[in-house]
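S.K.: Handing over my_file.cif, mmCIF, C-alpha atoms.
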data_upload
loop_
_atom_site.group_PDB
_atom_site.id
_atom_site.type_symbol
_atom_site.label_atom_id
_atom_site.label_comp_id
_atom_site.auth_asym_id
_atom_site.auth_seq_id
_atom_site.Cartn_x
_atom_site.Cartn_y
_atom_site.Cartn_z
ATOM 1 C CA MET A 1 -3.800 46.291 17.758
ATOM 2 C CA SER A 2 -1.059 46.929 15.220
ATOM 3 C CA ARG A 3 -2.046 47.049 11.564
ATOM 4 C CA VAL A 4 1.528 47.190 10.325
ATOM 5 C CA GLN A 5 2.038 45.020 7.262
ATOM 6 C CA SER A 6 3.989 41.898 8.113
ATOM 7 C CA PRO A 7 7.516 41.581 6.753
ATOM 8 C CA GLU A 8 8.454 39.011 4.158
ATOM 9 C CA ARG A 9 8.823 35.583 5.676
ATOM 10 C CA GLN A 10 12.300 34.152 5.700
ATOM 11 C CA GLY A 11 13.004 31.309 3.281
ATOM 12 C CA SER A 12 11.447 27.972 4.035
ATOM 13 C CA SER A 13 13.625 24.954 4.697
ATOM 14 C CA ARG A 14 11.742 23.287 1.806
ATOM 15 C CA PRO A 15 12.578 24.832 -1.554
ATOM 16 C CA PHE A 16 10.055 25.261 -4.317
ATOM 17 C CA GLY A 17 9.670 21.972 -6.170
ATOM 18 C CA TYR A 18 11.083 19.946 -3.327
ATOM 19 C CA VAL A 19 9.447 16.710 -4.526
ATOM 20 C CA GLY A 20 7.928 17.465 -7.883
ATOM 21 C CA GLN A 21 5.027 15.016 -8.032
ATOM 22 C CA THR A 22 1.968 17.269 -8.112
ATOM 23 C CA ASP A 23 2.322 20.328 -10.279
ATOM 24 C CA ILE A 24 0.561 23.548 -9.283
ATOM 25 C CA GLY A 25 1.827 26.038 -11.822
ATOM 26 C CA PRO A 26 5.612 26.537 -11.457
ATOM 27 C CA TRP A 27 5.581 25.114 -7.952
ATOM 28 C CA THR A 28 5.209 21.466 -6.993
ATOM 29 C CA LEU A 29 3.839 19.711 -3.939
ATOM 30 C CA ASP A 30 3.606 16.092 -2.914
ATOM 31 C CA VAL A 31 1.635 15.642 0.288
ATOM 32 C CA GLY A 32 -0.376 12.443 0.456
ATOM 33 C CA PRO A 33 -2.177 10.611 3.270
ATOM 34 C CA ASP A 34 -0.558 7.670 4.984
ATOM 35 C CA PRO A 35 -2.358 4.322 4.465
ATOM 36 C CA ASP A 36 -3.781 4.377 8.001
ATOM 37 C CA GLU A 37 -5.089 7.910 7.473
ATOM 38 C CA LEU A 38 -6.775 6.982 4.205
ATOM 39 C CA ALA A 39 -8.178 3.772 5.688
ATOM 40 C CA VAL A 40 -10.655 5.625 7.938
ATOM 41 C CA LEU A 41 -12.579 6.800 4.856
ATOM 42 C CA ASN A 42 -15.201 4.630 3.169
ATOM 43 C CA TRP A 43 -14.874 3.709 -0.507
ATOM 44 C CA PHE A 44 -16.844 6.676 -1.810
ATOM 45 C CA GLU A 45 -14.985 9.166 0.366
ATOM 46 C CA ARG A 46 -11.679 7.758 -0.904
ATOM 47 C CA PHE A 47 -12.908 7.983 -4.489
ATOM 48 C CA ALA A 48 -14.124 11.567 -3.990
ATOM 49 C CA PHE A 49 -10.896 12.644 -2.315
ATOM 50 C CA ARG A 50 -8.692 11.122 -5.028
ATOM 51 C CA LEU A 51 -10.793 12.706 -7.765
ATOM 52 C CA VAL A 52 -10.746 16.203 -6.238
ATOM 53 C CA LYS A 53 -7.054 15.889 -5.376
ATOM 54 C CA ARG A 54 -6.321 15.158 -9.032
ATOM 55 C CA MET A 55 -8.441 18.125 -10.123
ATOM 56 C CA ASN A 56 -6.262 20.366 -7.934
ATOM 57 C CA GLN A 57 -3.016 19.380 -9.622
ATOM 58 C CA GLY A 58 -1.128 20.385 -12.722
ATOM 59 C CA ARG A 59 -2.988 21.029 -15.971
ATOM 60 C CA TRP A 60 -6.316 20.175 -14.364
ATOM 61 C CA LYS A 61 -5.864 22.877 -11.730
ATOM 62 C CA ARG A 62 -4.922 25.403 -14.383
ATOM 63 C CA PHE A 63 -7.980 24.464 -16.456
ATOM 64 C CA TRP A 64 -10.404 24.708 -13.533
ATOM 65 C CA THR A 65 -8.822 27.992 -12.457
ATOM 66 C CA TRP A 66 -9.545 29.321 -15.956
ATOM 67 C CA CYS A 67 -13.156 28.156 -15.512
ATOM 68 C CA GLN A 68 -13.315 29.973 -12.172
ATOM 69 C CA ARG A 69 -11.875 33.154 -13.617
ATOM 70 C CA VAL A 70 -13.980 33.236 -16.799
ATOM 71 C CA LEU A 71 -17.178 31.269 -16.216
ATOM 72 C CA GLY A 72 -17.625 31.293 -12.447
ATOM 73 C CA ALA A 73 -16.591 34.877 -11.828
ATOM 74 C CA GLY A 74 -18.505 35.878 -14.950
ATOM 75 C CA TRP A 75 -21.913 34.668 -13.834
ATOM 76 C CA ILE A 76 -21.416 35.845 -10.250
ATOM 77 C CA HIS A 77 -20.500 39.310 -11.532
ATOM 78 C CA PHE A 78 -23.555 39.292 -13.807
ATOM 79 C CA SER A 79 -25.730 38.410 -10.801
ATOM 80 C CA THR A 80 -24.253 40.973 -8.402
ATOM 81 C CA TYR A 81 -22.797 43.931 -10.322
ATOM 82 C CA ASN A 82 -25.550 46.359 -9.271
ATOM 83 C CA LEU A 83 -25.120 45.467 -5.605
ATOM 84 C CA MET A 84 -21.389 44.887 -5.168
ATOM 85 C CA ARG A 85 -19.387 47.361 -3.087
ATOM 86 C CA VAL A 86 -15.673 46.646 -2.520
ATOM 87 C CA TYR A 87 -13.346 48.408 -0.075
ATOM 88 C CA GLY A 88 -9.648 48.031 0.689
ATOM 89 C CA LEU A 89 -8.664 46.019 -2.362
ATOM 90 C CA GLU A 90 -5.320 47.833 -2.320
ATOM 91 C CA HIS A 91 -4.363 45.679 0.669
ATOM 92 C CA VAL A 92 -4.553 42.607 -1.536
ATOM 93 C CA GLU A 93 -2.695 44.348 -4.355
ATOM 94 C CA THR A 94 0.228 45.194 -2.077
ATOM 95 C CA ALA A 95 0.619 41.593 -0.863
ATOM 96 C CA SER A 96 3.303 39.477 -2.517
ATOM 97 C CA SER A 97 1.984 37.183 -5.266
ATOM 98 C CA GLU A 98 5.079 35.028 -4.750
ATOM 99 C CA ARG A 99 3.812 33.789 -1.393
ATOM 100 C CA PRO A 100 0.500 32.250 -0.317
ATOM 101 C CA ILE A 101 -2.270 34.558 0.856
ATOM 102 C CA LEU A 102 -4.679 33.387 3.553
ATOM 103 C CA LEU A 103 -8.006 35.227 3.440
ATOM 104 C CA VAL A 104 -9.811 35.025 6.792
ATOM 105 C CA ALA A 105 -13.467 36.044 6.601
ATOM 106 C CA ASN A 106 -16.637 36.054 8.652
ATOM 107 C CA HIS A 107 -19.197 33.459 7.594
ATOM 108 C CA ARG A 108 -22.901 34.206 7.176
ATOM 109 C CA SER A 109 -23.729 32.916 3.706
ATOM 110 C CA PHE A 110 -22.854 29.908 1.580
ATOM 111 C CA PHE A 111 -21.740 32.386 -1.075
ATOM 112 C CA ASP A 112 -19.236 34.468 0.929
ATOM 113 C CA MET A 113 -16.069 33.133 -0.674
ATOM 114 C CA TYR A 114 -17.589 32.908 -4.162
ATOM 115 C CA THR A 115 -18.138 36.661 -4.206
ATOM 116 C CA VAL A 116 -14.717 37.342 -2.695
ATOM 117 C CA SER A 117 -13.023 35.164 -5.320
ATOM 118 C CA THR A 118 -14.974 36.936 -8.075
ATOM 119 C CA VAL A 119 -13.586 40.272 -6.911
ATOM 120 C CA LEU A 120 -10.050 38.881 -6.915
ATOM 121 C CA PHE A 121 -10.360 37.366 -10.384
ATOM 122 C CA ARG A 122 -11.949 40.426 -11.946
ATOM 123 C CA GLN A 123 -10.103 43.212 -10.154
ATOM 124 C CA THR A 124 -6.574 41.848 -9.694
ATOM 125 C CA SER A 125 -4.303 40.670 -12.489
ATOM 126 C CA TRP A 126 -1.697 38.453 -10.848
ATOM 127 C CA ARG A 127 -1.785 34.708 -11.376
ATOM 128 C CA LYS A 128 -3.644 32.843 -8.646
ATOM 129 C CA GLN A 129 -5.154 29.483 -7.740
ATOM 130 C CA LEU A 130 -7.809 29.104 -5.051
ATOM 131 C CA PHE A 131 -8.305 26.532 -2.321
ATOM 132 C CA PHE A 132 -11.244 26.477 0.082
ATOM 133 C CA PRO A 133 -10.990 23.894 2.901
ATOM 134 C CA VAL A 134 -14.453 22.480 3.611
ATOM 135 C CA ARG A 135 -16.265 19.968 5.738
ATOM 136 C CA GLY A 136 -16.160 16.659 3.939
ATOM 137 C CA ARG A 137 -19.506 15.356 5.183
ATOM 138 C CA PHE A 138 -21.459 16.726 2.214
ATOM 139 C CA PHE A 139 -18.979 17.547 -0.529
ATOM 140 C CA TYR A 140 -17.100 14.239 -0.267
ATOM 141 C CA GLN A 141 -19.835 11.813 0.763
ATOM 142 C CA SER A 142 -22.306 11.887 -2.119
ATOM 143 C CA PRO A 143 -22.478 12.380 -5.902
ATOM 144 C CA LEU A 144 -24.523 15.530 -5.231
ATOM 145 C CA GLY A 145 -21.728 16.919 -3.077
ATOM 146 C CA LEU A 146 -19.182 16.285 -5.837
ATOM 147 C CA PHE A 147 -21.505 17.931 -8.350
ATOM 148 C CA VAL A 148 -21.851 21.038 -6.175
ATOM 149 C CA ASN A 149 -18.071 21.167 -5.743
ATOM 150 C CA LEU A 150 -17.767 21.147 -9.535
ATOM 151 C CA VAL A 151 -20.467 23.637 -10.544
ATOM 152 C CA MET A 152 -19.992 26.053 -7.631
ATOM 153 C CA GLY A 153 -16.305 25.740 -6.787
ATOM 154 C CA TRP A 154 -14.691 24.236 -9.881
ATOM 155 C CA TRP A 155 -13.250 21.590 -7.521
ATOM 156 C CA SER A 156 -11.580 24.220 -5.309
ATOM 157 C CA MET A 157 -13.394 23.041 -2.155
ATOM 158 C CA TYR A 158 -10.291 21.236 -1.006
ATOM 159 C CA PRO A 159 -8.906 19.813 1.226
ATOM 160 C CA PRO A 160 -11.786 18.179 3.134
ATOM 161 C CA PHE A 161 -12.133 17.919 6.916
ATOM 162 C CA PHE A 162 -14.482 15.323 8.388
ATOM 163 C CA ALA A 163 -13.957 15.397 12.159
ATOM 164 C CA SER A 164 -15.061 18.982 12.795
ATOM 165 C CA GLY A 165 -18.308 20.895 13.051
ATOM 166 C CA GLU A 166 -21.569 20.445 14.876
ATOM 167 C CA LYS A 167 -21.665 16.680 14.247
ATOM 168 C CA PRO A 168 -18.028 15.641 14.017
ATOM 169 C CA LEU A 169 -17.111 12.252 12.599
ATOM 170 C CA ARG A 170 -14.516 11.548 15.232
ATOM 171 C CA GLU A 171 -13.477 8.242 13.691
ATOM 172 C CA LYS A 172 -12.046 10.217 10.764
ATOM 173 C CA ARG A 173 -9.688 12.354 12.818
ATOM 174 C CA ALA A 174 -6.716 10.492 11.390
ATOM 175 C CA PHE A 175 -7.559 11.705 7.896
ATOM 176 C CA ASP A 176 -8.030 15.263 9.140
ATOM 177 C CA LYS A 177 -4.422 15.220 10.347
ATOM 178 C CA PHE A 178 -3.386 14.710 6.731
ATOM 179 C CA SER A 179 -5.731 17.460 5.513
ATOM 180 C CA PHE A 180 -4.205 19.870 7.995
ATOM 181 C CA ARG A 181 -0.680 18.979 6.835
ATOM 182 C CA LEU A 182 -1.747 19.611 3.248
ATOM 183 C CA LEU A 183 -3.460 22.886 4.137
ATOM 184 C CA THR A 184 -0.342 23.994 6.018
ATOM 185 C CA GLU A 185 1.826 23.341 2.961
ATOM 186 C CA LEU A 186 -0.581 25.256 0.713
ATOM 187 C CA CYS A 187 -0.340 28.187 3.136
ATOM 188 C CA ARG A 188 3.430 27.940 3.532
ATOM 189 C CA ASN A 189 4.645 27.481 -0.053
ATOM 190 C CA GLY A 190 3.270 28.148 -3.502
ATOM 191 C CA PRO A 191 3.271 31.367 -5.551
ATOM 192 C CA GLY A 192 -0.284 32.482 -6.235
ATOM 193 C CA ASN A 193 -1.932 30.214 -3.673
ATOM 194 C CA VAL A 194 -5.007 31.910 -2.224
ATOM 195 C CA ILE A 195 -6.691 30.050 0.625
ATOM 196 C CA GLY A 196 -10.130 31.114 1.803
ATOM 197 C CA PHE A 197 -10.810 30.292 5.452
ATOM 198 C CA HIS A 198 -13.675 30.948 7.881
ATOM 199 C CA PRO A 199 -12.172 31.154 11.403
ATOM 200 C CA GLU A 200 -15.601 30.725 13.036
ATOM 201 C CA GLY A 201 -15.782 27.207 11.645
ATOM 202 C CA THR A 202 -19.478 27.416 10.761
ATOM 203 C CA ARG A 203 -22.024 29.988 9.645
ATOM 204 C CA TYR A 204 -23.342 32.507 12.136
ATOM 205 C CA LYS A 205 -27.123 32.341 11.680
ATOM 206 C CA GLY A 206 -28.190 35.339 13.750
ATOM 207 C CA ALA A 207 -29.765 38.455 12.236
ATOM 208 C CA ASP A 208 -27.020 40.885 13.291
ATOM 209 C CA PRO A 209 -24.332 41.072 10.573
ATOM 210 C CA TYR A 210 -21.902 42.530 13.115
ATOM 211 C CA SER A 211 -21.993 39.590 15.510
ATOM 212 C CA TYR A 212 -19.691 36.605 15.234
ATOM 213 C CA LEU A 213 -18.979 33.181 16.620
ATOM 214 C CA PRO A 214 -15.694 32.668 18.486
ATOM 215 C CA ALA A 215 -12.759 31.790 16.268
ATOM 216 C CA GLN A 216 -11.603 28.194 16.437
ATOM 217 C CA PRO A 217 -7.997 27.611 17.567
ATOM 218 C CA GLY A 218 -7.278 25.735 14.330
ATOM 219 C CA ILE A 219 -6.764 29.008 12.472
ATOM 220 C CA GLY A 220 -4.196 29.998 15.080
ATOM 221 C CA LYS A 221 -2.248 26.783 14.635
ATOM 222 C CA LEU A 222 -2.394 27.127 10.846
ATOM 223 C CA ILE A 223 -0.966 30.652 10.964
ATOM 224 C CA LYS A 224 1.660 29.652 13.562
ATOM 225 C CA ASP A 225 2.808 26.654 11.507
ATOM 226 C CA ALA A 226 2.683 28.138 8.002
ATOM 227 C CA SER A 227 3.216 31.898 8.498
ATOM 228 C CA PRO A 228 1.293 32.932 5.377
ATOM 229 C CA GLN A 229 0.287 36.463 4.427
ATOM 230 C CA VAL A 230 -3.002 36.915 6.301
ATOM 231 C CA ILE A 231 -5.609 39.379 5.064
ATOM 232 C CA PRO A 232 -8.889 39.821 6.998
ATOM 233 C CA VAL A 233 -12.145 40.138 5.074
ATOM 234 C CA PHE A 234 -15.602 41.244 6.167
ATOM 235 C CA VAL A 235 -18.592 40.281 4.006
ATOM 236 C CA ALA A 236 -22.196 41.451 4.440
ATOM 237 C CA GLY A 237 -25.373 41.672 2.399
ATOM 238 C CA LEU A 238 -25.558 38.114 1.057
ATOM 239 C CA SER A 239 -28.428 35.703 1.665
ATOM 240 C CA ASN A 240 -28.557 31.929 1.285
ATOM 241 C CA ASP A 241 -31.444 31.977 -1.186
ATOM 242 C CA LEU A 242 -29.711 31.817 -4.570
ATOM 243 C CA PRO A 243 -32.698 32.759 -6.813
ATOM 244 C CA ARG A 244 -33.627 35.613 -4.485
ATOM 245 C CA GLN A 245 -30.008 36.754 -4.353
ATOM 246 C CA MET A 246 -29.740 36.819 -8.128
ATOM 247 C CA LEU A 247 -33.102 38.536 -8.619
ATOM 248 C CA GLY A 248 -32.128 41.199 -6.078
ATOM 249 C CA ASN A 249 -29.458 42.443 -8.474
ATOM 250 C CA TRP A 250 -32.243 43.984 -10.567
ATOM 251 C CA THR A 251 -34.982 44.482 -7.971
ATOM 252 C CA GLY A 252 -32.953 46.355 -5.374
ATOM 253 C CA GLY A 253 -31.610 43.801 -2.910
ATOM 254 C CA PRO A 254 -29.239 44.645 -0.039
ATOM 255 C CA LYS A 255 -25.837 45.949 -1.066
ATOM 256 C CA ILE A 256 -23.123 43.285 -1.002
ATOM 257 C CA ARG A 257 -20.183 44.739 0.895
ATOM 258 C CA ILE A 258 -16.694 43.262 0.869
ATOM 259 C CA HIS A 259 -14.022 44.921 3.013
ATOM 260 C CA PHE A 260 -10.384 43.810 2.733
ATOM 261 C CA GLY A 261 -8.147 44.804 5.623
ATOM 262 C CA LYS A 262 -4.435 45.376 6.004
ATOM 263 C CA GLN A 263 -2.203 42.345 6.201
ATOM 264 C CA ILE A 264 -1.978 41.253 9.843
ATOM 265 C CA ASP A 265 1.411 41.260 11.545
ATOM 266 C CA PHE A 266 1.763 38.079 13.630
ATOM 267 C CA GLN A 267 5.515 38.274 14.229
ATOM 268 C CA ARG A 268 5.219 38.534 18.024
ATOM 269 C CA TYR A 269 3.014 35.426 18.091
ATOM 270 C CA LEU A 270 5.211 33.434 15.723
ATOM 271 C CA GLU A 271 8.001 33.814 18.254
ATOM 272 C CA LYS A 272 5.892 32.420 21.112
ATOM 273 C CA LYS A 273 5.676 28.829 22.264
ATOM 274 C CA ASP A 274 3.850 26.404 20.025
ATOM 275 C CA ASN A 275 0.854 25.630 22.234
ATOM 276 C CA MET A 276 -2.926 26.005 22.500
ATOM 277 C CA ARG A 277 -2.689 29.316 24.317
ATOM 278 C CA THR A 278 -0.748 30.838 21.425
ATOM 279 C CA TYR A 279 -3.225 29.410 18.911
ATOM 280 C CA LYS A 280 -6.114 30.997 20.783
ATOM 281 C CA GLU A 281 -4.357 34.344 20.986
ATOM 282 C CA ILE A 282 -3.783 34.320 17.235
ATOM 283 C CA SER A 283 -7.379 33.311 16.528
ATOM 284 C CA GLU A 284 -8.659 36.136 18.726
ATOM 285 C CA VAL A 285 -6.519 38.646 16.825
ATOM 286 C CA VAL A 286 -7.952 37.315 13.548
ATOM 287 C CA MET A 287 -11.559 37.759 14.676
ATOM 288 C CA GLN A 288 -10.837 41.196 16.100
ATOM 289 C CA LYS A 289 -9.445 42.343 12.747
ATOM 290 C CA ILE A 290 -12.551 41.024 10.993
ATOM 291 C CA ALA A 291 -14.753 42.756 13.569
ATOM 292 C CA ASP A 292 -12.845 46.017 13.014
ATOM 293 C CA LEU A 293 -13.750 45.820 9.324
ATOM 294 C CA GLY A 294 -17.326 45.146 10.364
ATOM 295 C CA GLU A 295 -17.314 48.378 12.335
ATOM 296 C CA GLN A 296 -16.080 50.233 9.267
ATOM 297 C CA ASP A 297 -19.010 48.779 7.374
ATOM 298 C CA ARG A 298 -21.411 49.747 10.163
ATOM 299 C CA ALA A 299 -20.168 53.330 9.991
ATOM 300 C CA ILE A 300 -20.948 53.455 6.269
ATOM 301 C CA TYR A 301 -24.201 51.518 6.303
ATOM 302 C CA ALA A 302 -25.535 52.395 9.755
ATOM 303 C CA LYS A 303 -28.906 53.368 8.283
ATOM 304 C CA VAL A 304 -29.094 50.432 5.898
ATOM 305 C CA GLU A 305 -31.364 47.626 6.933
ATOM 306 C CA ALA A 306 -29.411 44.615 8.181
ATOM 307 C CA SER A 307 -29.002 41.669 5.854
ATOM 308 C CA PRO A 308 -31.868 39.133 5.806
ATOM 309 C CA ARG A 309 -31.617 36.370 8.359
ATOM 310 C CA ALA A 310 -29.472 33.546 7.080
ATOM 311 C CA SER A 311 -31.555 30.503 6.324
#
Render the structure in this file as structure tokens.
M.R.:
Amino acid sequence: MSRVQSPERQGSSRPFGYVGQTDIGPWTLDVGPDPDELAVLNWFERFAFRLVKRMNQGRWKRFWTWCQRVLGAGWIHFSTYNLMRVYGLEHVETASSERPILLVANHRSFFDMYTVSTVLFRQTSWRKQLFFPVRGRFFYQSPLGLFVNLVMGWWSMYPPFFASGEKPLREKRAFDKFSFRLLTELCRNGPGNVIGFHPEGTRYKGADPYSYLPAQPGIGKLIKDASPQVIPVFVAGLSNDLPRQMLGNWTGGPKIRIHFGKQIDFQRYLEKKDNMRTYKEISEVVMQKIADLGEQDRAIYAKVEASPRAS
């Protein structure tokens, strides 16, 4: 498959600041749910969504991004600096900071994107703001979920999706249509937007770090609709036991490996018909690029014991 860096996307029909209601740095975005979409949520889900939405706008977003960059990335670096190994960061550096970047990564640990974001904050200098779409069933359905979103993600676990996963809440599909529209806009417009996405849709819980679940077609539709800069990422070496993970930094835990790949060229697929077959083709390309990075990791760490089984 071609690894040629994709060309700059032609100008969007929607200029920067096209509405000007929600301020994300110098760029503005106003995408809100229709009343019937919001109505499928219960009162707490509506409260949680409105709160997190506000935290991802304007001065609040800039404040929480500062917290991510200084506090969040600081303690993650402190807990991983002896173990962290990063490859291919130049592929992120050569991407345009004036357009959104979609990071597509394999998913084995709850902490995959936290470590990736730490690398970006500490080892790249351009202005950025992070968004991590998540399942809403935990993070938006309880005070504990909101608390975890705050202390672990600085409110960046947004937007929420309810009608996906192993136990989908199908009655909330209407709201998920809004979340997808919002996610598409974040991927289409917005200087410095960095969106972390797991194409597999859920964690792979097997012992082999080089095995993956099939990519969901949703990532294909997102890329087809938004045409962001897409950078594949392979992550290995993380567990789901936070105390053990932190202690391993000083007791000799598995190396944490993060491989960034070249920006993926999807031009031939963007010109195809807008249908499920095209979405699947795009999603398969995404997973193949992630798997290719996994093979690079295997070549380096072939004699290293595989990561502990995800819990």
S.K.: Spell out the residues picked by the PyMOL selection byres ((chain A and resi 193) around 7) here, as an MDAnalysis selection string.
M.R.: chainID A and resid 100:101 128:130 186 190:192 194:195
S.K.: Give me the segment 144-218 of chain A side of the contact with segment 63-73 of chain A, cut-off 8 Å, one line per residue showing its nearest atom pair and distance in Å at one decimal, counting only C-alpha atoms, sorted by chain and residue number, as JSON lines.
M.R.:
{"residue": "A:Met152", "atom": "CA", "partner": "A:Gly72", "partner_atom": "CA", "distance": 7.5}
{"residue": "A:Gly153", "atom": "CA", "partner": "A:Gln68", "partner_atom": "CA", "distance": 7.5}
{"residue": "A:Trp154", "atom": "CA", "partner": "A:Trp64", "partner_atom": "CA", "distance": 5.7}
{"residue": "A:Trp155", "atom": "CA", "partner": "A:Trp64", "partner_atom": "CA", "distance": 7.3}
S.K.: Convert the current residue selection to file output with C-alpha atoms, as a short mmCIF file (atom, residue, chain, number, x, y, z; two decimals), in the coordinates of the input.
M.R.:
data_model
loop_
_atom_site.label_atom_id
_atom_site.label_comp_id
_atom_site.auth_asym_id
_atom_site.auth_seq_id
_atom_site.Cartn_x
_atom_site.Cartn_y
_atom_site.Cartn_z
CA MET A 152 -19.99 26.05 -7.63
CA GLY A 153 -16.30 25.74 -6.79
CA TRP A 154 -14.69 24.24 -9.88
CA TRP A 155 -13.25 21.59 -7.52
#
S.K.: Go through A:Tyr210, A:Tyr269, A:Phe147, A:Phe260 and flag the residue nearest Gly294 of chain A, using only C-alpha atoms for the distances.
M.R.: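 Using only C-alpha atoms, the shortest distance to Gly294 of chain A belongs to A:Tyr210.
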S.K.: Could you give me, as a PyMOL selection string, the residues within 7 Å of segment 108-123 of chain A, counting only C-alpha atoms and dropping anything in the same chain fewer than 6 positions from it?
M.R.: chain A and resi 69+73+76-77+196+203-205+235+238-240+310
S.K.: Just the number, please: distance in Å from atom CA of Pro199 of chain A to atom CA of Trp60 of chain A, one decimal.
M.R.: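 One can read the atom CA of Pro199 of chain A to atom CA of Trp60 of chain A distance as 28.6 Å.
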S.K.: Using only C-alpha atoms, determine which residues lie at most 9 Å from Pro228 of chain A, disregarding the query and same-chain residues fewer than 4 positions distant; provide the list as a PDB file with C-alpha atoms, keeping the file's coordinate frame.
M.R.:
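Result saved to result_39.pdb:
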ATOM      1  CA  ARG A   9       8.823  35.583   5.676  1.00  0.00           C
ATOM      2  CA  ARG A  99       3.812  33.789  -1.393  1.00  0.00           C
ATOM      3  CA  PRO A 100       0.500  32.250  -0.317  1.00  0.00           C
ATOM      4  CA  ILE A 101      -2.270  34.558   0.856  1.00  0.00           C
ATOM      5  CA  LEU A 102      -4.679  33.387   3.553  1.00  0.00           C
ATOM      6  CA  CYS A 187      -0.340  28.187   3.136  1.00  0.00           C
ATOM      7  CA  ARG A 188       3.430  27.940   3.532  1.00  0.00           C
ATOM      8  CA  ASN A 189       4.645  27.481  -0.053  1.00  0.00           C
ATOM      9  CA  LEU A 222      -2.394  27.127  10.846  1.00  0.00           C
ATOM     10  CA  ILE A 223      -0.966  30.652  10.964  1.00  0.00           C
ATOM     11  CA  LYS A 224       1.660  29.652  13.562  1.00  0.00           C
TER      12      LYS A 224
END
S.K.: For Pro159 of chain A, list every protein, DNA or RNA residue within 9 Å, evaluated using all atoms listed in the file, and leave out those in the same chain fewer than 2 positions away; present the list as a ChimeraX atom specification.
M.R.: /A:49,52-53,131-136,156-157,161,179-180,182-183
S.K.: How many Å lie between atom CA of His91 of chain A and atom CA of Asp208 of chain A, rounded to one decimal?
M.R.: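 Atom-to-atom, atom CA of His91 of chain A and atom CA of Asp208 of chain A are spaced 26.4 Å apart.
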S.K.: Please provide as a PyMOL selection string all residues within 12 Å of Glu295 of chain A, with the sequence filter that same-chain residues fewer than 4 positions apart are discarded (counting all atoms listed in the file).
M.R.: chain A and resi 209-211+234-236+259+261+288-291+299-302
S.K.: Have a look at A:Thr124, A:Thr278, A:Asn249, A:Ala215 and name the one nearest to Glu90 of chain A; count all atoms listed in the file.
M.R.: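 Of all the options, A:Thr124 lies closest to Glu90 of chain A.
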S.K.: Could you work out how far atom CA of Thr184 of chain A lies from atom CA of Lys280 of chain A, giving the answer in Å with one decimal?
M.R.: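 Distance reported for this atom pair: 17.3 Å.
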S.K.: From the options A:Ala48, A:Lys273, A:Gly32, A:Ile256, which residue's atoms come nearest to Leu144 of chain A, counting only C-alpha atoms?
M.R.: A:Ala48
S.K.: Just say which residues the PyMOL selection byres ((chain A and resi 263) around 7) picks in this file, as a PyMOL selection string.
M.R.: chain A and resi 5-6+91+229-231+261-262+264-265
S.K.: Near Pro35 of chain A, within 12 Å and counting only C-alpha atoms, which residues show up once chain neighbours fewer than 5 positions away are dropped, as JSON, numbers by chain?
M.R.: {"A": [40, 41, 46, 174, 175, 178]}
S.K.: Please supply segment 188-199 of chain A, rebuilt with N, CA and C atoms, as a PDB file, in the frame of the given file.
M.R.:
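Written out: selection-v3.pdb:
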ATOM      1  N   ARG A 188       2.010  27.640   3.293  1.00  0.00           N
ATOM      2  CA  ARG A 188       3.430  27.940   3.532  1.00  0.00           C
ATOM      3  C   ARG A 188       4.180  28.199   2.235  1.00  0.00           C
ATOM      4  N   ASN A 189       3.915  27.413   1.206  1.00  0.00           N
ATOM      5  CA  ASN A 189       4.645  27.481  -0.053  1.00  0.00           C
ATOM      6  C   ASN A 189       3.677  27.510  -1.223  1.00  0.00           C
ATOM      7  N   GLY A 190       4.078  28.167  -2.295  1.00  0.00           N
ATOM      8  CA  GLY A 190       3.270  28.148  -3.502  1.00  0.00           C
ATOM      9  C   GLY A 190       2.902  29.527  -4.000  1.00  0.00           C
ATOM     10  N   PRO A 191       3.622  30.061  -4.990  1.00  0.00           N
ATOM     11  CA  PRO A 191       3.271  31.367  -5.551  1.00  0.00           C
ATOM     12  C   PRO A 191       1.848  31.368  -6.097  1.00  0.00           C
ATOM     13  N   GLY A 192       1.077  32.357  -5.722  1.00  0.00           N
ATOM     14  CA  GLY A 192      -0.284  32.482  -6.235  1.00  0.00           C
ATOM     15  C   GLY A 192      -1.330  31.702  -5.463  1.00  0.00           C
ATOM     16  N   ASN A 193      -0.939  30.929  -4.464  1.00  0.00           N
ATOM     17  CA  ASN A 193      -1.932  30.214  -3.673  1.00  0.00           C
ATOM     18  C   ASN A 193      -2.777  31.210  -2.880  1.00  0.00           C
ATOM     19  N   VAL A 194      -4.081  31.111  -3.019  1.00  0.00           N
ATOM     20  CA  VAL A 194      -5.007  31.910  -2.224  1.00  0.00           C
ATOM     21  C   VAL A 194      -5.931  30.938  -1.504  1.00  0.00           C
ATOM     22  N   ILE A 195      -5.900  30.969  -0.189  1.00  0.00           N
ATOM     23  CA  ILE A 195      -6.691  30.050   0.625  1.00  0.00           C
ATOM     24  C   ILE A 195      -7.761  30.837   1.344  1.00  0.00           C
ATOM     25  N   GLY A 196      -9.019  30.466   1.128  1.00  0.00           N
ATOM     26  CA  GLY A 196     -10.130  31.114   1.803  1.00  0.00           C
ATOM     27  C   GLY A 196     -10.532  30.331   3.034  1.00  0.00           C
ATOM     28  N   PHE A 197     -10.595  30.998   4.185  1.00  0.00           N
ATOM     29  CA  PHE A 197     -10.810  30.292   5.452  1.00  0.00           C
ATOM     30  C   PHE A 197     -11.794  31.079   6.310  1.00  0.00           C
ATOM     31  N   HIS A 198     -12.724  30.345   6.939  1.00  0.00           N
ATOM     32  CA  HIS A 198     -13.675  30.948   7.881  1.00  0.00           C
ATOM     33  C   HIS A 198     -13.259  30.569   9.304  1.00  0.00           C
ATOM     34  N   PRO A 199     -12.656  31.486  10.060  1.00  0.00           N
ATOM     35  CA  PRO A 199     -12.172  31.154  11.403  1.00  0.00           C
ATOM     36  C   PRO A 199     -13.266  30.697  12.365  1.00  0.00           C
TER      37      PRO A 199
END
